[in-house]
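*Asks:* Just so it is clear, I am handing over start-v4.csv, which has CSV, C-alpha atoms.
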```csv
chain,number,residue,atom,x,y,z
A,1221,MET,CA,78.8,11.8,-6.2
A,1222,ALA,CA,77.8,13.7,-3.1
A,1223,VAL,CA,74.5,15.5,-3.3
A,1224,GLU,CA,74.6,19.3,-2.9
A,1225,PHE,CA,71.8,21.1,-1.1
A,1226,SER,CA,70.7,24.7,-0.7
A,1227,GLU,CA,67.8,26.3,1.2
A,1228,ARG,CA,66.0,29.6,0.8
A,1229,LEU,CA,63.8,31.6,3.0
A,1230,PRO,CA,60.4,32.6,1.7
A,1231,SER,CA,60.3,36.0,0.0
A,1232,ARG,CA,57.1,38.1,0.1
A,1233,THR,CA,58.7,41.6,-0.3
A,1234,ARG,CA,56.3,44.3,-1.7
A,1235,THR,CA,58.8,47.1,-1.9
A,1236,ALA,CA,62.6,47.2,-1.9
A,1237,SER,CA,62.7,49.5,1.1
A,1238,ALA,CA,60.4,47.3,3.2
A,1239,ALA,CA,62.6,44.3,2.4
A,1240,ALA,CA,65.8,46.2,3.4
A,1241,MET,CA,64.3,47.4,6.6
A,1242,ALA,CA,63.0,43.9,7.5
A,1243,PHE,CA,66.4,42.4,6.8
A,1244,ALA,CA,68.0,45.0,9.1
A,1245,LEU,CA,65.5,44.1,11.8
A,1246,LEU,CA,66.4,40.4,11.3
A,1247,LEU,CA,70.1,41.1,11.7
A,1248,SER,CA,69.5,43.2,14.8
A,1249,LEU,CA,67.7,40.2,16.4
A,1250,CYS,CA,70.3,37.7,15.3
A,1251,PRO,CA,73.8,39.1,15.0
A,1252,PRO,CA,76.0,37.3,12.4
A,1253,ALA,CA,78.3,34.6,13.7
A,1254,LEU,CA,82.0,35.4,14.0
A,1255,ALA,CA,83.8,34.9,10.7
A,1256,ALA,CA,85.7,31.7,10.2
A,1257,PRO,CA,88.0,30.6,7.4
A,1258,SER,CA,86.8,28.6,4.5
A,1259,PRO,CA,87.7,24.9,4.4
A,1260,ARG,CA,89.8,23.3,1.7
A,1261,SER,CA,88.0,21.9,-1.3
A,1262,GLU,CA,89.0,18.3,-0.3
A,1263,GLU,CA,87.1,18.7,3.0
A,1264,TRP,CA,83.8,17.3,1.5
A,1265,TRP,CA,82.2,16.8,4.9
A,1266,PHE,CA,81.9,20.6,5.3
A,1267,GLU,CA,79.5,20.9,2.4
A,1268,ALA,CA,77.8,17.6,3.2
A,1269,TRP,CA,77.1,18.7,6.8
A,1270,GLN,CA,76.5,22.4,5.8
A,1271,ILE,CA,79.0,23.4,8.4
A,1272,THR,CA,79.8,27.0,7.3
A,1273,GLN,CA,76.2,27.8,6.1
A,1274,LYS,CA,74.2,26.4,9.0
A,1275,VAL,CA,76.2,24.9,11.8
A,1276,TRP,CA,78.8,27.6,12.5
A,1277,PRO,CA,76.2,30.3,12.9
A,1278,VAL,CA,74.9,28.2,15.8
A,1279,ALA,CA,78.1,27.1,17.4
A,1280,GLN,CA,81.9,26.8,16.7
A,1281,GLY,CA,83.0,25.0,19.8
A,1282,GLU,CA,83.6,28.0,22.0
A,1283,GLY,CA,84.8,27.2,25.5
A,1284,ILE,CA,85.1,23.4,25.0
A,1285,THR,CA,88.2,21.3,25.6
A,1286,ILE,CA,88.6,18.0,23.9
A,1287,GLY,CA,90.9,15.4,25.5
A,1288,LEU,CA,92.7,13.7,22.6
A,1289,ILE,CA,94.2,10.4,23.7
A,1290,ASP,CA,96.6,9.6,20.8
A,1291,SER,CA,100.2,10.1,19.8
A,1292,GLY,CA,100.5,13.7,20.8
A,1293,VAL,CA,99.8,16.9,18.7
A,1294,GLU,CA,102.4,19.0,16.9
A,1295,ALA,CA,101.4,22.3,18.5
A,1296,LYS,CA,104.0,24.4,16.6
A,1297,LEU,CA,102.2,24.0,13.3
A,1298,PRO,CA,100.5,27.2,12.0
A,1299,ASP,CA,97.2,25.4,11.5
A,1300,LEU,CA,97.1,24.6,15.2
A,1301,ALA,CA,98.4,27.8,16.6
A,1302,GLY,CA,96.7,28.7,19.9
A,1303,VAL,CA,94.6,25.5,19.8
A,1304,VAL,CA,96.7,22.9,21.7
A,1305,LEU,CA,96.9,23.1,25.5
A,1306,SER,CA,99.6,21.7,27.7
A,1307,GLY,CA,98.7,18.1,28.3
A,1308,GLU,CA,100.6,14.9,29.2
A,1309,GLY,CA,103.2,12.7,27.5
A,1310,ASP,CA,104.9,9.6,28.7
A,1311,ALA,CA,108.5,8.4,28.9
A,1312,GLY,CA,108.6,7.4,25.3
A,1313,SER,CA,106.8,10.4,23.8
A,1314,ALA,CA,108.3,13.3,22.0
A,1315,SER,CA,107.4,15.7,24.8
A,1316,ARG,CA,106.2,15.6,28.4
A,1317,ASP,CA,103.2,17.8,27.7
A,1318,GLY,CA,101.9,16.1,24.6
A,1319,ARG,CA,102.6,19.1,22.4
A,1320,ALA,CA,104.7,17.1,20.0
A,1321,ASP,CA,103.7,14.1,17.9
A,1322,SER,CA,105.5,10.8,18.6
A,1323,ASP,CA,103.9,8.8,15.8
A,1324,THR,CA,106.5,7.4,13.4
A,1325,LYS,CA,104.3,5.0,11.4
A,1326,LEU,CA,101.5,7.1,10.1
A,1327,GLY,CA,103.2,10.5,10.0
A,1328,GLY,CA,101.4,12.1,12.9
A,1329,HIS,CA,98.1,10.4,13.7
A,1330,GLY,CA,97.3,12.5,16.8
A,1331,THR,CA,98.0,15.7,14.8
A,1332,GLY,CA,95.7,14.6,12.1
A,1333,MET,CA,92.9,14.0,14.5
A,1334,ALA,CA,93.4,17.3,16.2
A,1335,ALA,CA,93.3,19.1,12.9
A,1336,LEU,CA,90.0,17.5,11.9
A,1337,ILE,CA,88.5,18.9,15.1
A,1338,ALA,CA,90.1,22.3,15.5
A,1339,SER,CA,92.5,23.3,12.7
A,1340,GLN,CA,92.6,27.1,12.0
A,1341,GLY,CA,93.4,27.1,8.3
A,1342,SER,CA,96.4,29.3,8.8
A,1343,GLY,CA,99.0,27.0,7.3
A,1344,THR,CA,97.7,24.4,4.8
A,1345,GLY,CA,94.2,26.0,4.7
A,1346,MET,CA,92.7,23.0,6.4
A,1347,VAL,CA,89.9,23.9,8.9
A,1348,GLY,CA,88.5,21.9,11.7
A,1349,ILE,CA,84.7,21.7,12.3
A,1350,ALA,CA,85.0,23.1,15.8
A,1351,PRO,CA,87.7,25.8,15.3
A,1352,ARG,CA,87.0,27.7,18.5
A,1353,SER,CA,87.6,24.6,20.7
A,1354,HIS,CA,90.8,23.5,22.3
A,1355,ILE,CA,92.8,20.3,22.3
A,1356,LEU,CA,94.2,18.7,25.4
A,1357,PRO,CA,96.8,16.2,24.1
A,1358,ILE,CA,97.4,13.0,26.1
A,1359,VAL,CA,100.0,10.5,25.1
A,1360,GLU,CA,99.8,7.1,26.8
A,1361,PRO,CA,100.5,3.5,25.8
A,1362,PRO,CA,97.2,1.8,24.7
A,1363,THR,CA,97.3,-0.3,27.8
A,1364,ASP,CA,96.8,2.8,29.9
A,1365,PHE,CA,93.6,4.2,28.3
A,1366,ASN,CA,92.1,4.2,31.8
A,1367,LYS,CA,94.9,6.5,33.2
A,1368,SER,CA,94.5,8.8,30.2
A,1369,ILE,CA,90.7,9.1,30.7
A,1370,TYR,CA,91.2,10.0,34.4
A,1371,TYR,CA,93.7,12.7,33.3
A,1372,ALA,CA,91.4,14.2,30.7
A,1373,VAL,CA,88.4,14.3,33.1
A,1374,ASN,CA,90.5,15.9,35.8
A,1375,HIS,CA,91.9,18.5,33.5
A,1376,GLY,CA,88.7,20.0,32.2
A,1377,ALA,CA,87.9,18.0,29.1
A,1378,LYS,CA,84.1,17.8,28.3
A,1379,VAL,CA,84.8,15.5,25.4
A,1380,ILE,CA,87.4,12.7,25.0
A,1381,ASN,CA,88.4,11.4,21.6
A,1382,ILE,CA,90.0,8.0,21.3
A,1383,SER,CA,90.7,7.2,17.6
A,1384,GLN,CA,92.5,4.0,18.4
A,1385,GLY,CA,91.9,0.8,20.3
A,1386,VAL,CA,93.2,-2.6,21.5
A,1387,PRO,CA,91.8,-6.0,20.7
A,1388,ALA,CA,89.4,-7.1,23.4
A,1389,THR,CA,86.3,-9.3,23.3
A,1390,THR,CA,85.0,-7.4,26.3
A,1391,CYS,CA,85.8,-4.1,28.0
A,1392,PRO,CA,88.6,-4.6,30.6
A,1393,GLY,CA,87.5,-3.9,34.2
A,1394,ASP,CA,90.0,-1.0,34.9
A,1395,LEU,CA,88.9,0.7,31.6
A,1396,ARG,CA,85.3,0.2,32.5
A,1397,ALA,CA,85.9,1.9,35.8
A,1398,ALA,CA,87.6,4.8,34.0
A,1399,VAL,CA,84.7,5.2,31.6
A,1400,LEU,CA,82.2,5.2,34.5
A,1401,TYR,CA,84.3,7.9,36.2
A,1402,ALA,CA,84.0,10.0,33.0
A,1403,VAL,CA,80.3,9.5,32.8
A,1404,HIS,CA,79.8,10.4,36.4
A,1405,HIS,CA,81.7,13.6,35.7
A,1406,ASP,CA,79.6,14.4,32.7
A,1407,VAL,CA,82.3,13.8,30.1
A,1408,ILE,CA,81.5,12.2,26.7
A,1409,ILE,CA,83.9,9.6,25.4
A,1410,VAL,CA,83.9,9.0,21.6
A,1411,ALA,CA,85.9,6.1,20.2
A,1412,ALA,CA,86.6,4.6,16.7
A,1413,ALA,CA,84.8,1.3,16.1
A,1414,GLY,CA,87.8,-0.2,14.4
A,1415,ASN,CA,89.1,-1.1,10.9
A,1416,LYS,CA,88.5,-4.8,10.9
A,1417,PRO,CA,85.2,-5.8,9.4
A,1418,PHE,CA,85.2,-9.5,10.4
A,1419,TYR,CA,85.6,-9.1,14.2
A,1420,GLU,CA,82.4,-7.7,15.7
A,1421,SER,CA,82.8,-5.4,18.8
A,1422,SER,CA,86.4,-6.5,19.0
A,1423,TYR,CA,88.1,-3.3,20.2
A,1424,ALA,CA,88.3,-1.5,23.5
A,1425,PRO,CA,87.4,1.2,24.4
A,1426,ALA,CA,84.8,1.2,21.6
A,1427,ASN,CA,83.1,-1.8,23.2
A,1428,CYS,CA,83.0,-0.4,26.7
A,1429,PRO,CA,79.6,0.6,28.1
A,1430,GLY,CA,79.3,4.4,28.2
A,1431,VAL,CA,81.5,5.0,25.1
A,1432,LEU,CA,80.0,6.4,21.9
A,1433,ALA,CA,81.4,4.1,19.2
A,1434,VAL,CA,81.5,5.4,15.7
A,1435,GLY,CA,81.7,3.7,12.3
A,1436,ALA,CA,82.8,5.2,9.0
A,1437,LEU,CA,80.8,6.4,5.9
A,1438,ASP,CA,81.7,7.7,2.5
A,1439,ALA,CA,80.3,10.7,0.7
A,1440,HIS,CA,77.6,8.6,-0.8
A,1441,LEU,CA,76.3,7.6,2.6
A,1442,ALA,CA,77.6,4.0,2.1
A,1443,PRO,CA,79.2,2.3,5.1
A,1444,TRP,CA,83.0,1.9,4.7
A,1445,GLN,CA,83.6,-1.8,3.9
A,1446,LYS,CA,86.4,-2.1,6.6
A,1447,SER,CA,84.4,-0.5,9.4
A,1448,THR,CA,84.2,-2.8,12.4
A,1449,PRO,CA,80.5,-3.7,13.1
A,1450,GLY,CA,79.0,-4.7,16.4
A,1451,ALA,CA,76.3,-4.1,19.0
A,1452,ASN,CA,78.4,-1.3,20.4
A,1453,VAL,CA,78.2,0.9,17.2
A,1454,MET,CA,75.9,3.8,17.7
A,1455,LEU,CA,76.6,6.3,14.9
A,1456,ALA,CA,78.4,6.6,11.5
A,1457,ALA,CA,80.3,9.6,10.3
A,1458,PRO,CA,82.6,10.6,7.4
A,1459,GLY,CA,85.6,8.3,7.3
A,1460,VAL,CA,86.4,7.7,3.6
A,1461,SER,CA,88.7,10.0,1.7
A,1462,VAL,CA,89.0,12.2,4.8
A,1463,GLY,CA,92.3,13.9,4.5
A,1464,SER,CA,94.2,15.8,7.2
A,1465,ILE,CA,97.6,17.2,8.1
A,1466,GLY,CA,100.4,15.2,9.8
A,1467,LYS,CA,103.2,16.4,12.1
A,1468,GLU,CA,105.1,17.9,9.2
A,1469,GLY,CA,102.2,20.2,8.5
A,1470,ILE,CA,101.4,18.8,5.0
A,1471,PHE,CA,97.8,18.0,4.0
A,1472,THR,CA,97.3,14.4,2.9
A,1473,PRO,CA,94.1,13.6,1.0
A,1474,GLY,CA,92.3,10.3,0.6
A,1475,VAL,CA,92.8,8.8,4.1
A,1476,ASN,CA,90.2,6.1,5.2
A,1477,GLY,CA,89.4,4.9,8.7
A,1478,THR,CA,87.1,5.0,11.6
A,1479,SER,CA,89.7,7.2,13.3
A,1480,SER,CA,88.6,10.1,11.2
A,1481,ALA,CA,84.9,9.3,11.8
A,1482,ALA,CA,85.5,9.4,15.6
A,1483,ALA,CA,87.4,12.7,15.4
A,1484,LEU,CA,84.8,14.4,13.4
A,1485,THR,CA,82.1,13.1,15.8
A,1486,SER,CA,84.1,14.5,18.7
A,1487,GLY,CA,84.1,17.8,16.9
A,1488,VAL,CA,80.3,17.7,16.7
A,1489,VAL,CA,80.1,16.9,20.4
A,1490,ALA,CA,82.2,20.0,21.0
A,1491,LEU,CA,79.7,22.0,19.0
A,1492,MET,CA,76.8,20.5,20.9
A,1493,ARG,CA,78.4,21.2,24.3
A,1494,SER,CA,79.2,24.7,23.2
A,1495,ARG,CA,75.6,25.3,22.1
A,1496,PHE,CA,74.1,23.7,25.2
A,1497,PRO,CA,76.5,24.3,28.1
A,1498,ASN,CA,74.0,23.2,30.7
A,1499,MET,CA,72.9,20.0,28.9
A,1500,SER,CA,74.0,16.7,30.3
A,1501,GLY,CA,76.3,14.4,28.3
A,1502,ARG,CA,73.5,11.8,28.3
A,1503,GLU,CA,71.1,14.3,26.6
A,1504,VAL,CA,73.8,15.4,24.1
A,1505,VAL,CA,74.3,11.8,23.0
A,1506,GLN,CA,70.6,11.1,22.9
A,1507,ARG,CA,70.1,14.1,20.6
A,1508,MET,CA,72.8,12.8,18.3
A,1509,LEU,CA,71.3,9.3,18.1
A,1510,ALA,CA,67.7,10.6,17.7
A,1511,THR,CA,68.5,12.9,14.8
A,1512,ALA,CA,70.8,10.6,12.9
A,1513,ARG,CA,69.7,9.6,9.4
A,1514,ASP,CA,68.7,6.0,9.3
A,1515,LEU,CA,70.8,3.9,6.8
A,1516,GLY,CA,70.7,0.3,5.7
A,1517,PRO,CA,68.1,-1.9,7.3
A,1518,LYS,CA,65.3,0.0,9.0
A,1519,GLY,CA,66.3,1.1,12.5
A,1520,TRP,CA,69.5,0.4,14.3
A,1521,ASP,CA,72.1,-1.8,12.6
A,1522,LYS,CA,75.5,-3.1,13.7
A,1523,LYS,CA,77.4,-1.3,10.9
A,1524,THR,CA,76.0,2.3,11.2
A,1525,GLY,CA,74.2,2.2,14.5
A,1526,TYR,CA,71.3,4.6,14.5
A,1527,GLY,CA,72.6,6.1,11.2
A,1528,ALA,CA,74.6,8.9,9.8
A,1529,LEU,CA,75.3,11.8,12.1
A,1530,VAL,CA,73.6,15.1,11.1
A,1531,PRO,CA,75.2,18.0,13.1
A,1532,TYR,CA,72.6,20.7,12.3
A,1533,LYS,CA,69.7,18.5,13.3
A,1534,ALA,CA,71.4,17.5,16.5
A,1535,LEU,CA,71.9,21.2,17.3
A,1536,THR,CA,68.3,22.3,16.5
A,1537,ALA,CA,65.8,19.5,16.3
A,1538,ARG,CA,63.1,18.7,18.9
A,1539,VAL,CA,63.9,15.3,20.3
A,1540,ALA,CA,61.5,12.9,22.1
A,1541,SER,CA,62.7,12.5,25.7
A,1542,ASP,CA,62.1,8.8,25.6
A,1543,PHE,CA,64.3,8.1,22.6
A,1544,PRO,CA,66.6,5.1,23.3
A,1545,ASN,CA,70.2,5.8,24.5
A,1546,PRO,CA,72.0,2.5,24.8
A,1547,VAL,CA,75.4,4.3,25.3
A,1548,TYR,CA,74.2,5.2,28.8
A,1549,ASP,CA,71.7,2.5,29.4
A,1550,LYS,CA,74.3,-0.2,29.0
A,1551,VAL,CA,76.5,1.3,31.7
A,1552,GLY,CA,73.6,1.6,34.1
A,1553,ILE,CA,73.4,5.4,34.0
A,1554,ALA,CA,70.2,7.3,34.2
A,1555,THR,CA,69.5,11.0,34.5
A,1556,SER,CA,67.1,12.4,37.0
A,1557,SER,CA,64.6,15.2,36.3
A,1558,ASN,CA,67.1,17.8,37.6
A,1559,GLY,CA,69.9,16.5,35.3
A,1560,ASP,CA,71.8,14.7,38.0
A,1561,ILE,CA,73.4,11.4,37.0
A,1562,ARG,CA,72.8,8.3,39.0
A,1563,GLU,CA,73.7,4.7,38.7
A,1564,ARG,CA,71.1,2.0,38.2
A,1565,LYS,CA,70.9,-1.6,37.2
A,1566,SER,CA,71.4,-2.3,33.5
A,1567,SER,CA,68.7,-3.9,31.4
A,1568,ALA,CA,69.2,-7.6,30.7
A,1569,ASN,CA,68.8,-6.9,27.0
A,1570,ASN,CA,71.6,-4.6,26.0
A,1571,THR,CA,71.0,-4.9,22.2
A,1572,PRO,CA,69.9,-1.6,20.7
A,1573,PRO,CA,66.3,-1.7,19.5
A,1574,VAL,CA,65.7,-2.1,15.8
A,1575,ASN,CA,62.6,0.1,15.6
A,1576,ARG,CA,63.2,3.8,15.7
A,1577,PRO,CA,60.6,5.9,17.7
A,1578,ARG,CA,59.2,8.9,15.9
A,1579,VAL,CA,61.4,12.0,16.1
A,1580,THR,CA,59.7,15.4,15.9
A,1581,ALA,CA,61.9,18.0,14.3
A,1582,HIS,CA,61.5,21.6,13.0
A,1583,GLY,CA,61.8,21.5,9.2
A,1584,ASN,CA,62.2,18.7,6.7
A,1585,SER,CA,65.1,16.3,7.0
A,1586,GLY,CA,65.1,16.0,3.2
A,1587,SER,CA,65.8,13.0,1.0
A,1588,THR,CA,69.3,12.4,2.3
A,1589,VAL,CA,71.2,12.7,5.6
A,1590,TRP,CA,73.0,15.8,4.8
A,1591,LYS,CA,69.9,18.0,4.3
A,1592,ALA,CA,68.5,19.3,7.6
A,1593,THR,CA,66.4,22.3,8.6
A,1594,GLY,CA,65.6,23.3,12.1
A,1595,ALA,CA,64.0,25.7,14.5
A,1596,ALA,CA,66.3,28.6,13.8
A,1597,THR,CA,65.5,28.7,10.1
A,1598,ALA,CA,61.8,28.6,10.6
A,1599,PHE,CA,61.8,31.1,13.5
A,1600,PHE,CA,63.8,33.7,11.6
A,1601,ALA,CA,61.9,33.2,8.4
A,1602,LEU,CA,58.7,33.9,10.4
A,1603,ILE,CA,60.3,37.1,11.8
A,1604,PHE,CA,61.4,38.2,8.3
A,1605,VAL,CA,57.9,37.7,6.8
A,1606,THR,CA,56.1,39.3,9.7
A,1607,ALA,CA,58.4,42.3,9.6
A,1608,VAL,CA,57.9,42.8,5.9
A,1609,GLY,CA,54.1,42.6,6.3
A,1610,ILE,CA,54.1,45.2,9.1
A,1611,LEU,CA,56.3,47.6,7.2
A,1612,ALA,CA,54.4,47.2,4.0
A,1613,LYS,CA,51.0,47.8,5.8
A,1614,LYS,CA,52.5,50.9,7.5
A,1615,ARG,CA,53.8,52.2,4.1
A,1616,LYS,CA,50.3,51.7,2.6
A,1617,SER,CA,48.5,53.4,5.4
A,1618,THR,CA,50.8,56.5,5.1
```
Output the file's structure in the form of structure tokens.

*Replies:*
Amino acid sequence: MAVEFSERLPSRTRTASAAAMAFALLLSLCPPALAAPSPRSEEWWFEAWQITQKVWPVAQGEGITIGLIDSGVEAKLPDLAGVVLSGEGDAGSASRDGRADSDTKLGGHGTGMAALIASQGSGTGMVGIAPRSHILPIVEPPTDFNKSIYYAVNHGAKVINISQGVPATTCPGDLRAAVLYAVHHDVIIVAAAGNKPFYESSYAPANCPGVLAVGALDAHLAPWQKSTPGANVMLAAPGVSVGSIGKEGIFTPGVNGTSSAAALTSGVVALMRSRFPNMSGREVVQRMLATARDLGPKGWDKKTGYGALVPYKALTARVASDFPNPVYDKVGIATSSNGDIRERKSSANNTPPVNRPRVTAHGNSGSTVWKATGAATAFFALIFVTAVGILAKKRKST
């Protein structure tokens, strides 16, 4: 059973009027976030990640385009109204602009991934975790991942989601070049680790240097047994019983796979890029790795990487600047003090370190991954208490 969490601000109100005035002051300093629809009850990752309570007041993906390299997206569905941009198809796809889903095997794989990220809840009631972001659909044969990456980068994507892969013991040269192109243009690529547990690092683009590879977890924080392990795996995210909609616009529960884990992670990246528009992709990924909840053996492991992704902590925690970032270190990318990306020689040892450096964060991470408190909660709690004290003292003096 998933553990449910709640959090309360300290209350030191002396009079009802003082409390009301203090609360009004707090609201004036921090206007409420724009209203967003409630998710379906099956979307357990919303409660686990405290999306509506804590994440959406910080960011909802505003202004971010996610390049979705998949089977296309059924743009006509009510749940995706206004979300899907004109992208690119291929000769065998259902449309030339990617706004129709060509998948005939899984019922609309690309549509399902798009919905996990940005569904509006206006049809089936399903809501994506970054509902104010936009999807750029790109349909290409798997052998042309490199072409699709170039297209996404050149058409404004700040995040690229690839919830698929091809068998490969190493990253092909042309794909490696495309990934490097994305990195140099400050675009983050997220890819599914794979659904074969006995073949380590066996899928591209997940095993390409510069790609954030994601494994799958269930609601109990246990790694999904079929998630592909490997030295390339950096994070783990919900991927068990993660339902979505297909191209017919029907919600299907109980779907497993690292595809969903990658899509949800891409949604979190969109939230991060929305919250920190001037932060480099390297720093965004570093924050996500540094604030992940360690699982399994202490430190990095080949099944869950640095651990379970915690969106709220990634958005609010204070992160050590020297925390490891193998995603970028492996490709030979460093960031200068002014944020410019430059190429450098890769380290001879590309295996992620096992020991995790200490991470300083505002608040207590709690006893499980899904509980996170940050700078925003502590700051506004302090304002609230201070305002109450001032008002109470003023009332007493008069």

*Asks:* To one decimal in Å, tell me the separation between CA of Lys1296 (chain A) and CA of Ile1358 (chain A).

*Replies:* 16.2 Å

*Asks:* Do a neighbour search on Ser1447 (chain A) at 7 Å with only C-alpha atoms, toss out local chain neighbours closer than 3 positions, and write the hits as a ChimeraX atom specification.

*Replies:* /A:1413-1417,1435-1436,1444,1478

*Asks:* Tell me which of A:Ile1289, A:Leu1535, A:Ile1349, A:Ala1510 sits closest to Asp1310 (chain A), counting all atoms listed in the file.

*Replies:*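 Closest to Asp1310 (chain A) of all the choices is A:Ile1289.
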
*Asks:* List the neighbours of Phe1471 (chain A) out to 12 Å using all atoms listed in the file; skip same-chain residues closer than 5 positions along the sequence, and give me the result as a list of chain:residue names.

*Replies:*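 Contacts, with the query itself left out: A:Arg1260, A:Ser1261, A:Glu1262, A:Glu1263, A:Leu1297, A:Asp1299, A:Gly1327, A:Gly1328, A:Thr1331, A:Gly1332, A:Ala1335, A:Leu1336, A:Ser1339, A:Gly1341, A:Gly1343, A:Thr1344, A:Gly1345, A:Met1346, A:Val1347, A:Val1462, A:Gly1463, A:Ser1464, A:Ile1465, A:Gly1466.
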
*Asks:* For Gly1330 (chain A), which residue out of A:Val1359, A:Val1410, A:Val1505, A:Leu1484 is the nearest one, using only C-alpha atoms?

*Replies:*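 Going through A:Val1359, A:Val1410, A:Val1505, A:Leu1484 one by one, the smallest distance to Gly1330 (chain A) is for A:Val1359.
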
*Asks:* Counting all atoms listed in the file, figure out which residue out of A:Ile1409, A:Ala1377, A:Val1504, A:Ile1369 gets nearest to Leu1395 (chain A).

*Replies:*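 For Leu1395 (chain A), the nearest of the given residues is A:Ile1369.
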
*Asks:* Can you complete the atoms of region 1444-1456 of chain A to N, CA, C and O atoms and list them as a PDB file, in the coordinates of the input?

*Replies:*
```
ATOM      1  N   TRP A1444      81.630   2.295   5.129  1.00  0.00           N
ATOM      2  CA  TRP A1444      83.000   1.900   4.700  1.00  0.00           C
ATOM      3  C   TRP A1444      83.084   0.380   4.905  1.00  0.00           C
ATOM      4  O   TRP A1444      82.739  -0.146   5.967  1.00  0.00           O
ATOM      5  N   GLN A1445      83.593  -0.318   3.897  1.00  0.00           N
ATOM      6  CA  GLN A1445      83.600  -1.800   3.900  1.00  0.00           C
ATOM      7  C   GLN A1445      84.479  -2.348   5.045  1.00  0.00           C
ATOM      8  O   GLN A1445      84.246  -3.467   5.519  1.00  0.00           O
ATOM      9  N   LYS A1446      85.465  -1.598   5.516  1.00  0.00           N
ATOM     10  CA  LYS A1446      86.400  -2.100   6.600  1.00  0.00           C
ATOM     11  C   LYS A1446      85.954  -1.680   7.964  1.00  0.00           C
ATOM     12  O   LYS A1446      86.627  -2.032   8.939  1.00  0.00           O
ATOM     13  N   SER A1447      84.881  -0.922   8.097  1.00  0.00           N
ATOM     14  CA  SER A1447      84.400  -0.500   9.400  1.00  0.00           C
ATOM     15  C   SER A1447      83.987  -1.638  10.260  1.00  0.00           C
ATOM     16  O   SER A1447      83.175  -2.460   9.825  1.00  0.00           O
ATOM     17  N   THR A1448      84.489  -1.735  11.477  1.00  0.00           N
ATOM     18  CA  THR A1448      84.200  -2.800  12.400  1.00  0.00           C
ATOM     19  C   THR A1448      82.714  -2.737  12.856  1.00  0.00           C
ATOM     20  O   THR A1448      82.350  -1.731  13.470  1.00  0.00           O
ATOM     21  N   PRO A1449      81.891  -3.756  12.620  1.00  0.00           N
ATOM     22  CA  PRO A1449      80.500  -3.700  13.100  1.00  0.00           C
ATOM     23  C   PRO A1449      80.389  -4.207  14.516  1.00  0.00           C
ATOM     24  O   PRO A1449      81.374  -4.644  15.124  1.00  0.00           O
ATOM     25  N   GLY A1450      79.184  -4.135  15.059  1.00  0.00           N
ATOM     26  CA  GLY A1450      79.000  -4.700  16.400  1.00  0.00           C
ATOM     27  C   GLY A1450      77.808  -4.037  17.104  1.00  0.00           C
ATOM     28  O   GLY A1450      77.304  -2.974  16.697  1.00  0.00           O
ATOM     29  N   ALA A1451      77.382  -4.664  18.188  1.00  0.00           N
ATOM     30  CA  ALA A1451      76.300  -4.100  19.000  1.00  0.00           C
ATOM     31  C   ALA A1451      76.645  -2.822  19.662  1.00  0.00           C
ATOM     32  O   ALA A1451      75.768  -2.094  20.127  1.00  0.00           O
ATOM     33  N   ASN A1452      77.928  -2.510  19.722  1.00  0.00           N
ATOM     34  CA  ASN A1452      78.400  -1.300  20.400  1.00  0.00           C
ATOM     35  C   ASN A1452      78.325  -0.059  19.446  1.00  0.00           C
ATOM     36  O   ASN A1452      78.395   1.082  19.908  1.00  0.00           O
ATOM     37  N   VAL A1453      78.212  -0.256  18.136  1.00  0.00           N
ATOM     38  CA  VAL A1453      78.200   0.900  17.200  1.00  0.00           C
ATOM     39  C   VAL A1453      76.923   1.646  17.283  1.00  0.00           C
ATOM     40  O   VAL A1453      75.842   1.081  17.185  1.00  0.00           O
ATOM     41  N   MET A1454      77.038   2.952  17.482  1.00  0.00           N
ATOM     42  CA  MET A1454      75.900   3.800  17.700  1.00  0.00           C
ATOM     43  C   MET A1454      75.627   4.818  16.586  1.00  0.00           C
ATOM     44  O   MET A1454      74.504   5.241  16.345  1.00  0.00           O
ATOM     45  N   LEU A1455      76.690   5.257  15.900  1.00  0.00           N
ATOM     46  CA  LEU A1455      76.600   6.300  14.900  1.00  0.00           C
ATOM     47  C   LEU A1455      77.592   5.979  13.754  1.00  0.00           C
ATOM     48  O   LEU A1455      78.519   5.185  13.931  1.00  0.00           O
ATOM     49  N   ALA A1456      77.422   6.670  12.626  1.00  0.00           N
ATOM     50  CA  ALA A1456      78.400   6.600  11.500  1.00  0.00           C
ATOM     51  C   ALA A1456      78.671   8.044  11.080  1.00  0.00           C
ATOM     52  O   ALA A1456      77.786   8.896  11.089  1.00  0.00           O
TER      53      ALA A1456
END
```
